[in-house]
$ cat entry-v1.txt   # compact mmCIF, N, CA and C atoms and all ligand atoms
# COMPACT_ATOMS: atom_id res chain seq x y z
N MET A 249 84.91 105.34 117.76
CA MET A 249 85.72 106.42 118.35
C MET A 249 85.13 106.80 119.72
N SER A 250 86.00 106.83 120.74
CA SER A 250 85.55 107.22 122.07
C SER A 250 85.86 108.70 122.31
N ASP A 251 85.03 109.34 123.15
CA ASP A 251 85.28 110.75 123.51
C ASP A 251 86.18 110.86 124.73
N THR A 252 86.48 109.73 125.38
CA THR A 252 87.24 109.79 126.63
C THR A 252 88.47 108.89 126.55
N PRO A 253 89.53 109.22 127.32
CA PRO A 253 90.72 108.36 127.34
C PRO A 253 90.40 107.02 127.99
N TYR A 254 91.06 105.98 127.54
CA TYR A 254 90.92 104.68 128.21
C TYR A 254 92.16 103.82 127.96
N ILE A 255 92.36 102.87 128.86
CA ILE A 255 93.50 101.96 128.77
C ILE A 255 93.17 100.81 127.82
N ILE A 256 94.14 100.50 126.96
CA ILE A 256 94.05 99.35 126.06
C ILE A 256 95.08 98.32 126.53
N GLN A 257 94.63 97.10 126.77
CA GLN A 257 95.56 96.01 127.10
C GLN A 257 95.88 95.26 125.81
N PHE A 258 97.13 95.28 125.42
CA PHE A 258 97.55 94.52 124.25
C PHE A 258 97.89 93.09 124.68
N PRO A 259 97.75 92.13 123.75
CA PRO A 259 98.12 90.77 124.13
C PRO A 259 99.60 90.70 124.51
N LYS A 260 99.89 89.86 125.47
CA LYS A 260 101.28 89.65 125.91
C LYS A 260 101.55 88.16 125.74
N ILE A 261 102.31 87.83 124.72
CA ILE A 261 102.51 86.43 124.36
C ILE A 261 103.94 86.04 124.74
N GLY A 262 104.07 84.94 125.43
CA GLY A 262 105.41 84.46 125.79
C GLY A 262 105.45 84.03 127.23
N GLU A 263 106.63 83.94 127.76
CA GLU A 263 106.82 83.54 129.15
C GLU A 263 108.16 84.11 129.62
N SER A 264 108.32 84.19 130.92
CA SER A 264 109.51 84.88 131.44
C SER A 264 110.80 84.21 130.98
N ALA A 265 110.78 82.92 130.79
CA ALA A 265 112.01 82.22 130.37
C ALA A 265 112.41 82.55 128.94
N LEU A 266 111.46 83.02 128.14
CA LEU A 266 111.72 83.25 126.71
C LEU A 266 111.62 84.71 126.30
N GLY A 267 110.87 85.47 127.08
CA GLY A 267 110.57 86.84 126.68
C GLY A 267 109.17 86.93 126.09
N TYR A 268 108.78 88.15 125.75
CA TYR A 268 107.38 88.41 125.37
C TYR A 268 107.30 89.18 124.06
N ILE A 269 106.13 89.10 123.44
CA ILE A 269 105.81 89.94 122.29
C ILE A 269 104.39 90.48 122.48
N SER A 270 104.21 91.76 122.17
CA SER A 270 102.87 92.36 122.14
C SER A 270 102.61 92.87 120.74
N ILE A 271 101.36 92.83 120.33
CA ILE A 271 101.02 93.12 118.94
C ILE A 271 99.81 94.06 118.91
N ALA A 272 99.92 95.10 118.07
CA ALA A 272 98.77 96.00 117.84
C ALA A 272 98.26 95.71 116.43
N GLU A 273 97.11 95.09 116.34
CA GLU A 273 96.52 94.78 115.04
C GLU A 273 95.34 95.71 114.79
N LYS A 274 95.09 96.02 113.53
CA LYS A 274 94.09 97.05 113.23
C LYS A 274 92.71 96.68 113.75
N GLU A 275 92.41 95.39 113.82
CA GLU A 275 91.10 94.96 114.34
C GLU A 275 90.92 95.36 115.81
N ASN A 276 92.04 95.52 116.52
CA ASN A 276 91.96 95.82 117.95
C ASN A 276 92.28 97.27 118.27
N LEU A 277 92.41 98.09 117.23
CA LEU A 277 92.72 99.51 117.44
C LEU A 277 91.49 100.36 117.13
N PRO A 278 91.32 101.51 117.81
CA PRO A 278 90.16 102.36 117.56
C PRO A 278 90.26 103.18 116.27
N PHE A 279 91.42 103.13 115.60
CA PHE A 279 91.58 103.84 114.33
C PHE A 279 92.68 103.13 113.54
N VAL A 280 92.73 103.43 112.25
CA VAL A 280 93.80 102.87 111.42
C VAL A 280 94.99 103.82 111.51
N PRO A 281 96.15 103.37 111.97
CA PRO A 281 97.29 104.27 112.17
C PRO A 281 97.81 104.86 110.86
N LYS A 282 98.21 106.15 110.93
CA LYS A 282 98.84 106.80 109.77
C LYS A 282 100.29 107.19 110.08
N ARG A 283 100.67 107.13 111.39
CA ARG A 283 102.00 107.62 111.78
C ARG A 283 102.37 106.99 113.11
N ILE A 284 103.65 106.71 113.26
CA ILE A 284 104.17 106.20 114.54
C ILE A 284 105.43 106.99 114.86
N TYR A 285 105.54 107.48 116.08
CA TYR A 285 106.78 108.14 116.49
C TYR A 285 107.08 107.76 117.93
N TRP A 286 108.30 108.04 118.37
CA TRP A 286 108.68 107.66 119.73
C TRP A 286 109.53 108.74 120.34
N THR A 287 109.43 108.86 121.65
CA THR A 287 110.23 109.85 122.39
C THR A 287 111.03 109.10 123.45
N TYR A 288 112.21 109.61 123.77
CA TYR A 288 113.12 108.92 124.68
C TYR A 288 114.14 109.92 125.22
N TYR A 289 114.81 109.53 126.31
CA TYR A 289 115.82 110.36 126.97
C TYR A 289 115.22 111.69 127.45
N THR A 290 113.94 111.69 127.76
CA THR A 290 113.35 112.92 128.30
C THR A 290 113.74 113.04 129.77
N PRO A 291 114.40 114.13 130.19
CA PRO A 291 114.76 114.26 131.61
C PRO A 291 113.52 114.22 132.51
N GLU A 292 113.70 113.65 133.71
CA GLU A 292 112.55 113.43 134.59
C GLU A 292 111.87 114.73 134.99
N GLU A 293 112.62 115.82 135.03
CA GLU A 293 112.02 117.09 135.47
C GLU A 293 111.26 117.80 134.34
N VAL A 294 111.34 117.26 133.14
CA VAL A 294 110.68 117.90 132.00
C VAL A 294 109.25 117.37 131.85
N GLU A 295 108.34 118.28 131.61
CA GLU A 295 106.95 117.91 131.31
C GLU A 295 106.73 118.15 129.81
N ARG A 296 106.39 117.09 129.10
CA ARG A 296 106.12 117.25 127.66
C ARG A 296 104.61 117.39 127.45
N GLY A 297 104.25 117.57 126.21
CA GLY A 297 102.83 117.70 125.90
C GLY A 297 102.38 119.13 126.10
N ALA A 298 101.38 119.32 126.98
CA ALA A 298 100.76 120.63 127.20
C ALA A 298 100.17 121.13 125.89
N HIS A 299 99.34 120.30 125.33
CA HIS A 299 98.61 120.68 124.13
C HIS A 299 97.42 119.74 123.94
N SER A 300 96.58 120.11 123.02
CA SER A 300 95.46 119.26 122.60
C SER A 300 95.51 119.19 121.08
N HIS A 301 94.70 118.32 120.52
CA HIS A 301 94.60 118.22 119.06
C HIS A 301 93.14 118.38 118.64
N TYR A 302 92.93 119.08 117.55
CA TYR A 302 91.56 119.22 117.03
C TYR A 302 91.01 117.87 116.56
N GLU A 303 91.83 117.12 115.83
CA GLU A 303 91.32 115.89 115.20
C GLU A 303 92.11 114.64 115.55
N LEU A 304 93.38 114.80 115.89
CA LEU A 304 94.25 113.63 116.07
C LEU A 304 93.81 112.76 117.25
N GLN A 305 93.78 111.44 117.02
CA GLN A 305 93.63 110.46 118.09
C GLN A 305 94.96 109.72 118.21
N GLN A 306 95.26 109.28 119.42
CA GLN A 306 96.56 108.64 119.65
C GLN A 306 96.45 107.49 120.63
N ILE A 307 97.44 106.61 120.55
CA ILE A 307 97.64 105.60 121.59
C ILE A 307 99.09 105.72 122.05
N LEU A 308 99.28 105.96 123.34
CA LEU A 308 100.62 106.05 123.93
C LEU A 308 100.95 104.73 124.62
N ILE A 309 102.18 104.28 124.44
CA ILE A 309 102.65 103.05 125.09
C ILE A 309 104.05 103.33 125.65
N ALA A 310 104.26 102.97 126.91
CA ALA A 310 105.62 103.02 127.47
C ALA A 310 106.24 101.66 127.20
N VAL A 311 106.99 101.55 126.12
CA VAL A 311 107.60 100.24 125.81
C VAL A 311 108.79 99.97 126.73
N ALA A 312 109.29 101.01 127.39
CA ALA A 312 110.26 100.84 128.47
C ALA A 312 110.01 101.95 129.48
N GLY A 313 110.29 101.66 130.74
CA GLY A 313 110.16 102.68 131.77
C GLY A 313 108.71 103.01 132.10
N ARG A 314 108.52 104.24 132.60
CA ARG A 314 107.19 104.64 133.10
C ARG A 314 106.84 106.03 132.57
N VAL A 315 105.63 106.16 132.09
CA VAL A 315 105.14 107.45 131.62
C VAL A 315 103.87 107.78 132.41
N THR A 316 103.85 108.96 133.01
CA THR A 316 102.66 109.41 133.73
C THR A 316 101.97 110.46 132.87
N VAL A 317 100.72 110.17 132.53
CA VAL A 317 99.98 111.04 131.61
C VAL A 317 98.79 111.64 132.35
N THR A 318 98.66 112.96 132.30
CA THR A 318 97.44 113.58 132.81
C THR A 318 96.63 114.06 131.61
N THR A 319 95.34 113.87 131.70
CA THR A 319 94.46 114.25 130.59
C THR A 319 93.36 115.16 131.13
N GLU A 320 92.92 116.05 130.28
CA GLU A 320 91.79 116.92 130.63
C GLU A 320 90.91 117.07 129.39
N LEU A 321 89.65 116.74 129.56
CA LEU A 321 88.71 116.87 128.44
C LEU A 321 88.12 118.28 128.43
N SER A 322 87.48 118.61 127.34
CA SER A 322 86.94 119.96 127.23
C SER A 322 85.75 120.18 128.17
N ASN A 323 85.21 119.09 128.79
CA ASN A 323 84.17 119.28 129.81
C ASN A 323 84.76 119.44 131.21
N GLY A 324 86.12 119.50 131.30
CA GLY A 324 86.78 119.73 132.58
C GLY A 324 87.21 118.45 133.30
N GLU A 325 86.81 117.28 132.78
CA GLU A 325 87.15 116.01 133.45
C GLU A 325 88.65 115.72 133.34
N LYS A 326 89.31 115.56 134.51
CA LYS A 326 90.75 115.31 134.54
C LYS A 326 91.01 113.89 135.03
N GLN A 327 92.05 113.26 134.45
CA GLN A 327 92.44 111.92 134.88
C GLN A 327 93.96 111.80 134.82
N GLN A 328 94.47 110.85 135.61
CA GLN A 328 95.91 110.55 135.52
C GLN A 328 96.07 109.06 135.25
N PHE A 329 96.98 108.73 134.34
CA PHE A 329 97.25 107.34 133.97
C PHE A 329 98.75 107.10 134.12
N VAL A 330 99.09 105.93 134.65
CA VAL A 330 100.49 105.53 134.73
C VAL A 330 100.71 104.37 133.75
N LEU A 331 101.54 104.62 132.75
CA LEU A 331 101.87 103.58 131.78
C LEU A 331 103.21 102.99 132.21
N ASP A 332 103.16 101.75 132.64
CA ASP A 332 104.36 101.13 133.21
C ASP A 332 104.54 99.70 132.77
N SER A 333 103.89 99.36 131.65
CA SER A 333 104.00 98.00 131.14
C SER A 333 103.96 98.06 129.62
N PRO A 334 104.84 97.32 128.93
CA PRO A 334 104.90 97.41 127.47
C PRO A 334 103.64 96.90 126.76
N ASN A 335 102.76 96.23 127.49
CA ASN A 335 101.52 95.75 126.83
C ASN A 335 100.30 96.59 127.22
N LYS A 336 100.57 97.79 127.76
CA LYS A 336 99.47 98.68 128.19
C LYS A 336 99.53 99.96 127.37
N GLY A 337 98.42 100.33 126.75
CA GLY A 337 98.37 101.56 125.97
C GLY A 337 97.31 102.50 126.52
N LEU A 338 97.45 103.79 126.21
CA LEU A 338 96.44 104.78 126.59
C LEU A 338 95.88 105.40 125.33
N TYR A 339 94.58 105.23 125.12
CA TYR A 339 93.90 105.91 124.01
C TYR A 339 93.63 107.36 124.43
N ILE A 340 94.02 108.30 123.58
CA ILE A 340 93.74 109.72 123.83
C ILE A 340 92.87 110.23 122.68
N PRO A 341 91.66 110.67 122.99
CA PRO A 341 90.77 111.15 121.92
C PRO A 341 91.17 112.54 121.45
N LYS A 342 90.53 113.00 120.41
CA LYS A 342 90.74 114.38 119.98
C LYS A 342 90.20 115.33 121.05
N MET A 343 90.63 116.56 121.02
CA MET A 343 90.21 117.59 121.97
C MET A 343 90.42 117.15 123.43
N CYS A 344 91.63 116.71 123.71
CA CYS A 344 92.00 116.26 125.05
C CYS A 344 93.36 116.88 125.39
N TRP A 345 93.38 117.76 126.38
CA TRP A 345 94.65 118.36 126.83
C TRP A 345 95.44 117.30 127.57
N ARG A 346 96.75 117.20 127.29
CA ARG A 346 97.56 116.18 127.97
C ARG A 346 98.95 116.71 128.32
N THR A 347 99.46 116.19 129.45
CA THR A 347 100.87 116.41 129.78
C THR A 347 101.47 115.05 130.14
N MET A 348 102.76 114.89 129.90
CA MET A 348 103.43 113.62 130.16
C MET A 348 104.72 113.87 130.92
N GLN A 349 105.00 112.99 131.89
CA GLN A 349 106.30 112.99 132.58
C GLN A 349 106.88 111.60 132.51
N TYR A 350 108.20 111.51 132.46
CA TYR A 350 108.87 110.27 132.10
C TYR A 350 109.88 109.85 133.15
N SER A 351 109.99 108.55 133.39
CA SER A 351 111.13 108.04 134.14
C SER A 351 112.36 108.15 133.24
N HIS A 352 113.54 108.14 133.84
CA HIS A 352 114.75 108.41 133.06
C HIS A 352 114.95 107.42 131.92
N ASN A 353 114.42 106.19 132.09
CA ASN A 353 114.64 105.14 131.08
C ASN A 353 113.44 104.96 130.15
N ALA A 354 112.49 105.89 130.18
CA ALA A 354 111.24 105.67 129.44
C ALA A 354 111.42 105.85 127.93
N VAL A 355 110.82 104.93 127.20
CA VAL A 355 110.70 105.06 125.75
C VAL A 355 109.20 105.00 125.45
N GLN A 356 108.68 106.09 124.92
CA GLN A 356 107.25 106.18 124.64
C GLN A 356 107.01 106.10 123.14
N ILE A 357 106.14 105.14 122.77
CA ILE A 357 105.72 105.05 121.37
C ILE A 357 104.34 105.68 121.26
N CYS A 358 104.13 106.42 120.19
CA CYS A 358 102.80 106.98 119.92
C CYS A 358 102.32 106.45 118.57
N ILE A 359 101.15 105.82 118.59
CA ILE A 359 100.47 105.39 117.38
C ILE A 359 99.43 106.46 117.09
N ALA A 360 99.51 107.08 115.92
CA ALA A 360 98.69 108.26 115.65
C ALA A 360 97.75 108.03 114.47
N SER A 361 96.59 108.66 114.54
CA SER A 361 95.56 108.43 113.52
C SER A 361 95.77 109.26 112.27
N LEU A 362 96.62 110.31 112.36
CA LEU A 362 96.79 111.24 111.23
C LEU A 362 98.25 111.57 111.01
N GLU A 363 98.55 112.10 109.85
CA GLU A 363 99.88 112.63 109.57
C GLU A 363 100.13 113.86 110.44
N TYR A 364 101.39 114.25 110.55
CA TYR A 364 101.75 115.42 111.34
C TYR A 364 101.23 116.70 110.69
N SER A 365 100.59 117.54 111.51
CA SER A 365 100.17 118.85 111.05
C SER A 365 100.18 119.80 112.24
N GLU A 366 101.01 120.82 112.19
CA GLU A 366 101.06 121.77 113.31
C GLU A 366 99.71 122.49 113.45
N ASP A 367 98.95 122.59 112.36
CA ASP A 367 97.64 123.25 112.41
C ASP A 367 96.64 122.49 113.28
N ASP A 368 96.93 121.22 113.55
CA ASP A 368 96.00 120.41 114.36
C ASP A 368 96.23 120.60 115.86
N TYR A 369 97.31 121.31 116.23
CA TYR A 369 97.65 121.48 117.65
C TYR A 369 96.93 122.69 118.24
N ILE A 370 96.49 122.55 119.49
CA ILE A 370 96.14 123.71 120.32
C ILE A 370 97.19 123.73 121.43
N ARG A 371 98.11 124.66 121.37
CA ARG A 371 99.20 124.69 122.35
C ARG A 371 98.98 125.72 123.44
N ASN A 372 97.89 126.48 123.32
CA ASN A 372 97.57 127.51 124.31
C ASN A 372 96.38 127.02 125.14
N TYR A 373 96.59 126.92 126.47
CA TYR A 373 95.55 126.34 127.34
C TYR A 373 94.27 127.17 127.32
N ASP A 374 94.42 128.49 127.32
CA ASP A 374 93.22 129.35 127.28
C ASP A 374 92.44 129.13 125.99
N GLU A 375 93.17 128.91 124.90
CA GLU A 375 92.52 128.61 123.62
C GLU A 375 91.76 127.28 123.72
N PHE A 376 92.38 126.28 124.39
CA PHE A 376 91.71 124.99 124.59
C PHE A 376 90.41 125.18 125.37
N LEU A 377 90.46 126.01 126.43
CA LEU A 377 89.27 126.21 127.26
C LEU A 377 88.13 126.87 126.48
N LYS A 378 88.50 127.66 125.47
CA LYS A 378 87.46 128.31 124.65
C LYS A 378 86.60 127.29 123.92
N HIS A 379 87.17 126.04 123.77
CA HIS A 379 86.42 125.00 123.06
C HIS A 379 85.62 124.13 124.03
N SER A 380 85.59 124.54 125.34
CA SER A 380 84.87 123.75 126.34
C SER A 380 83.39 123.71 126.02
N LYS A 381 82.81 122.54 126.34
CA LYS A 381 81.37 122.39 126.08
C LYS A 381 80.58 123.16 127.11
C1 LIG A 401 101.54 114.32 121.31
C2 LIG A 401 102.53 113.77 122.24
C3 LIG A 401 102.12 112.49 122.90
C4 LIG A 401 107.38 116.71 113.96
O1 LIG A 401 108.03 117.42 113.18
N1 LIG A 401 106.65 115.64 113.50
C5 LIG A 401 105.96 114.82 114.30
O2 LIG A 401 105.32 113.85 113.82
C6 LIG A 401 105.95 115.09 115.71
C7 LIG A 401 105.17 114.21 116.66
C8 LIG A 401 106.66 116.18 116.18
N2 LIG A 401 107.35 116.96 115.31
C9 LIG A 401 108.13 118.09 115.83
C10 LIG A 401 107.31 119.23 116.39
C11 LIG A 401 108.23 119.81 117.46
O3 LIG A 401 109.11 120.73 116.87
O4 LIG A 401 108.91 117.60 116.94
C12 LIG A 401 109.04 118.61 117.93
C13 LIG A 401 108.59 118.07 119.28
O5 LIG A 401 107.17 117.93 119.25
P1 LIG A 401 106.29 118.26 120.55
O6 LIG A 401 106.87 119.39 121.30
O7 LIG A 401 104.88 118.39 120.11
O8 LIG A 401 106.51 116.93 121.42
P2 LIG A 401 105.63 116.33 122.59
O9 LIG A 401 106.36 115.15 123.12
O10 LIG A 401 105.21 117.38 123.56
O11 LIG A 401 104.29 115.85 121.86
C14 LIG A 401 104.32 114.76 120.99
C15 LIG A 401 103.39 115.03 119.78
O12 LIG A 401 103.82 116.22 119.08
C16 LIG A 401 101.98 115.19 120.18
O13 LIG A 401 101.13 115.03 119.06
O14 LIG A 401 100.37 114.17 121.53
O15 LIG A 401 103.84 113.60 121.68
$ encode --input "entry-v1.txt" --output "structure tokens"
Amino acid sequence: MSDTPYIIQFPKIGESALGYISIAEKENLPFVPKRIYWTYYTPEEVERGAHSHYELQQILIAVAGRVTVTTELSNGEKQQFVLDSPNKGLYIPKMCWRTMQYSHNAVQICIASLEYSEDDYIRNYDEFLKHSK
């Protein structure tokens, strides 16, 4: 388990004449997935996210379009990632504030380490800062 976000390159098998397949296998993932969900048709002017998780780890993939993700760790370190390829994922550790913006055609898949629990969310930024190291 990493404490910081990082890009995961998934294998891209195929060729332009035939198309491609990418595969997420448990040996190549930082956790064993318990849940997968996807978001789509998010208007470009909408910012999603704006929360952190106490325990949840995630991998975000833009399987279509472009997703811009900003992350902030509890030590104040901020980063921006552009997910614009179906074989590129972003690992998001626990206790990481994130916001996402989407191109009009973006479909974002999230591979999650835990089942859904609203109790795992920190949706108040000041509350998140209280957990700063
Ligand atoms: C995250 C980012 C990347 C459920 O009922 N079950 C679920 O498994 C999920 C993920 C959401 N919901 C409900 C909770 C809200 O009423 O769906 C609604 C939208 O969720 P939220 O506003 O949290 O959506 P995003 O896109 O801001 O965040 C989601 C995930 O919730 C979150 O864990 O990290 O995607």
$ atom_distance --input "entry-v1.txt" --atom1 "atom CA of Leu377 of chain A" --atom2 "atom O2 of ligand LIG 401 (chain A)"
24.3 Å
$ residues_around --input "entry-v1.txt" --residues "segment 278-286 of chain A" --least-positions-apart "3" --cutoff "8 Å" --atoms "only C-alpha atoms" --output "list of chain:residue names"
A:Met249, A:Lys274, A:Gln305, A:Val355, A:Gln356, A:Ile357, A:Cys358, A:Ile359, A:Ala360, A:Ser361, A:Leu362, A:Glu363, A:Tyr364
$ residues_around --input "entry-v1.txt" --residues "Trp345 of chain A" --least-positions-apart "2" --cutoff "8 Å" --atoms "all atoms listed in the file" --output "PyMOL selection string"
chain A and resi 297-301+318-322+341-343+347+376
$ write_last_selection --input "entry-v1.txt" --atoms "N, CA and C atoms" --output "mmCIF file, in the frame of the given file"
data_model
loop_
_atom_site.group_PDB
_atom_site.id
_atom_site.type_symbol
_atom_site.label_atom_id
_atom_site.label_comp_id
_atom_site.auth_asym_id
_atom_site.auth_seq_id
_atom_site.Cartn_x
_atom_site.Cartn_y
_atom_site.Cartn_z
ATOM 1 N N GLY A 297 104.250 117.570 126.210
ATOM 2 C CA GLY A 297 102.830 117.700 125.900
ATOM 3 C C GLY A 297 102.380 119.130 126.100
ATOM 4 N N ALA A 298 101.380 119.320 126.980
ATOM 5 C CA ALA A 298 100.760 120.630 127.200
ATOM 6 C C ALA A 298 100.170 121.130 125.890
ATOM 7 N N HIS A 299 99.340 120.300 125.330
ATOM 8 C CA HIS A 299 98.610 120.680 124.130
ATOM 9 C C HIS A 299 97.420 119.740 123.940
ATOM 10 N N SER A 300 96.580 120.110 123.020
ATOM 11 C CA SER A 300 95.460 119.260 122.600
ATOM 12 C C SER A 300 95.510 119.190 121.080
ATOM 13 N N HIS A 301 94.700 118.320 120.520
ATOM 14 C CA HIS A 301 94.600 118.220 119.060
ATOM 15 C C HIS A 301 93.140 118.380 118.640
ATOM 16 N N THR A 318 98.660 112.960 132.300
ATOM 17 C CA THR A 318 97.440 113.580 132.810
ATOM 18 C C THR A 318 96.630 114.060 131.610
ATOM 19 N N THR A 319 95.340 113.870 131.700
ATOM 20 C CA THR A 319 94.460 114.250 130.590
ATOM 21 C C THR A 319 93.360 115.160 131.130
ATOM 22 N N GLU A 320 92.920 116.050 130.280
ATOM 23 C CA GLU A 320 91.790 116.920 130.630
ATOM 24 C C GLU A 320 90.910 117.070 129.390
ATOM 25 N N LEU A 321 89.650 116.740 129.560
ATOM 26 C CA LEU A 321 88.710 116.870 128.440
ATOM 27 C C LEU A 321 88.120 118.280 128.430
ATOM 28 N N SER A 322 87.480 118.610 127.340
ATOM 29 C CA SER A 322 86.940 119.960 127.230
ATOM 30 C C SER A 322 85.750 120.180 128.170
ATOM 31 N N PRO A 341 91.660 110.670 122.990
ATOM 32 C CA PRO A 341 90.770 111.150 121.920
ATOM 33 C C PRO A 341 91.170 112.540 121.450
ATOM 34 N N LYS A 342 90.530 113.000 120.410
ATOM 35 C CA LYS A 342 90.740 114.380 119.980
ATOM 36 C C LYS A 342 90.200 115.330 121.050
ATOM 37 N N MET A 343 90.630 116.560 121.020
ATOM 38 C CA MET A 343 90.210 117.590 121.970
ATOM 39 C C MET A 343 90.420 117.150 123.430
ATOM 40 N N THR A 347 99.460 116.190 129.450
ATOM 41 C CA THR A 347 100.870 116.410 129.780
ATOM 42 C C THR A 347 101.470 115.050 130.140
ATOM 43 N N PHE A 376 92.380 126.280 124.390
ATOM 44 C CA PHE A 376 91.710 124.990 124.590
ATOM 45 C C PHE A 376 90.410 125.180 125.370
#
$ axis_aligned_box --input "entry-v1.txt" --around "ligand LIG 401 (chain A)" --padding-each-side "3 Å" --output "AutoDock Vina command-line options"
--center_x 104.7 --center_y 116.6 --center_z 118.4 --size_x 14.7 --size_y 14.2 --size_z 16.4
$ residues_around --input "entry-v1.txt" --residues "Ala354 of chain A" --least-positions-apart "2" --cutoff "5 Å" --atoms "only N, CA and C atoms" --output "ChimeraX atom specification"
/A:288,312-314,351-352,356
$ residues_around --input "entry-v1.txt" --residues "Leu338 of chain A" --least-positions-apart "5" --cutoff "6 Å" --atoms "only N, CA and C atoms" --output "PyMOL selection string"
chain A and resi 254-256+306-309
$ select_by_dssp --input "entry-v1.txt" --residues "segment 270-373 of chain A" --states "helix (DSSP H, G or I)" --output "list in words"
Lys274, Glu275, Asn276, Glu366, Asp367, Asp368 and Tyr373 of chain A
$ select_by_dssp --input "entry-v1.txt" --residues "chain A" --states "strand (DSSP E or B)" --output "number ranges by chain"
A: 254-257, 261-263, 267-269, 283-288, 295-301, 306-312, 315-321, 326-331, 336-340, 344-350, 355-360, 369-370
$ closest_residue --input "entry-v1.txt" --among "A:Asn372, A:Asn353, A:Ser380, A:Thr287" --to "ligand LIG 401 (chain A)" --atoms "only N, CA and C atoms and all ligand atoms"
A:Thr287
$ closest_residue --input "entry-v1.txt" --among "A:Gln257, A:Glu366, A:Val294, A:Ser264" --to "Asp332 of chain A" --atoms "only C-alpha atoms"
A:Gln257
$ closest_residue --input "entry-v1.txt" --among "A:Val315, A:Ala272, A:Ile261, A:Leu266" --to "ligand LIG 401 (chain A)" --atoms "only C-alpha atoms and all ligand atoms"
A:Val315
$ closest_residue --input "entry-v1.txt" --among "A:Arg346, A:Asn323, A:Thr316, A:Arg296" --to "ligand LIG 401 (chain A)" --atoms "only N, CA and C atoms and all ligand atoms"
A:Arg296
$ closest_residue --input "entry-v1.txt" --among "A:Glu295, A:Pro334, A:Tyr373, A:Lys326" --to "ligand LIG 401 (chain A)" --atoms "all atoms listed in the file"
A:Glu295
$ closest_residue --input "entry-v1.txt" --among "A:Asn335, A:Ile370, A:Leu304, A:Cys344" --to "Pro259 of chain A" --atoms "all atoms listed in the file"
A:Asn335
$ residues_around --input "entry-v1.txt" --residues "Ser333 of chain A" --least-positions-apart "2" --cutoff "6 Å" --atoms "all atoms listed in the file" --output "list of chain:residue names"
A:Ala310, A:Val311, A:Leu331, A:Asn335, A:Lys336
$ atom_distance --input "entry-v1.txt" --atom1 "atom CA of Ser270 of chain A" --atom2 "atom C12 of ligand LIG 401 (chain A)"
27.3 Å
$ atom_distance --input "entry-v1.txt" --atom1 "atom CA of Val317 of chain A" --atom2 "atom CA of His379 of chain A"
21.3 Å
$ decode --input "entry-v1.txt" --residues "segment 368-379 of chain A" --atoms "N, CA and C atoms" --output "mmCIF file, in the first residue's frame"
data_model
loop_
_atom_site.group_PDB
_atom_site.id
_atom_site.type_symbol
_atom_site.label_atom_id
_atom_site.label_comp_id
_atom_site.auth_asym_id
_atom_site.auth_seq_id
_atom_site.Cartn_x
_atom_site.Cartn_y
_atom_site.Cartn_z
ATOM 1 N N ASP A 368 -17.248 6.217 5.625
ATOM 2 C CA ASP A 368 -15.827 6.275 5.263
ATOM 3 C C ASP A 368 -15.462 7.599 4.594
ATOM 4 N N TYR A 369 -16.473 8.430 4.278
ATOM 5 C CA TYR A 369 -16.220 9.692 3.571
ATOM 6 C C TYR A 369 -15.901 10.813 4.548
ATOM 7 N N ILE A 370 -14.965 11.681 4.162
ATOM 8 C CA ILE A 370 -14.816 13.005 4.785
ATOM 9 C C ILE A 370 -15.203 13.997 3.693
ATOM 10 N N ARG A 371 -16.369 14.603 3.811
ATOM 11 C CA ARG A 371 -16.844 15.500 2.757
ATOM 12 C C ARG A 371 -16.638 16.965 3.111
ATOM 13 N N ASN A 372 -16.136 17.216 4.316
ATOM 14 C CA ASN A 372 -15.895 18.592 4.763
ATOM 15 C C ASN A 372 -14.380 18.834 4.759
ATOM 16 N N TYR A 373 -13.943 19.851 3.975
ATOM 17 C CA TYR A 373 -12.504 20.088 3.805
ATOM 18 C C TYR A 373 -11.828 20.445 5.129
ATOM 19 N N ASP A 374 -12.505 21.256 5.940
ATOM 20 C CA ASP A 374 -11.913 21.619 7.241
ATOM 21 C C ASP A 374 -11.736 20.384 8.119
ATOM 22 N N GLU A 375 -12.687 19.467 8.023
ATOM 23 C CA GLU A 375 -12.572 18.207 8.769
ATOM 24 C C GLU A 375 -11.364 17.413 8.268
ATOM 25 N N PHE A 376 -11.167 17.402 6.929
ATOM 26 C CA PHE A 376 -10.000 16.718 6.346
ATOM 27 C C PHE A 376 -8.703 17.325 6.898
ATOM 28 N N LEU A 377 -8.646 18.664 6.956
ATOM 29 C CA LEU A 377 -7.425 19.329 7.427
ATOM 30 C C LEU A 377 -7.117 18.991 8.884
ATOM 31 N N LYS A 378 -8.162 18.704 9.651
ATOM 32 C CA LYS A 378 -7.944 18.344 11.067
ATOM 33 C C LYS A 378 -7.130 17.061 11.195
ATOM 34 N N HIS A 379 -7.126 16.251 10.087
ATOM 35 C CA HIS A 379 -6.387 14.989 10.126
ATOM 36 C C HIS A 379 -4.969 15.153 9.578
#
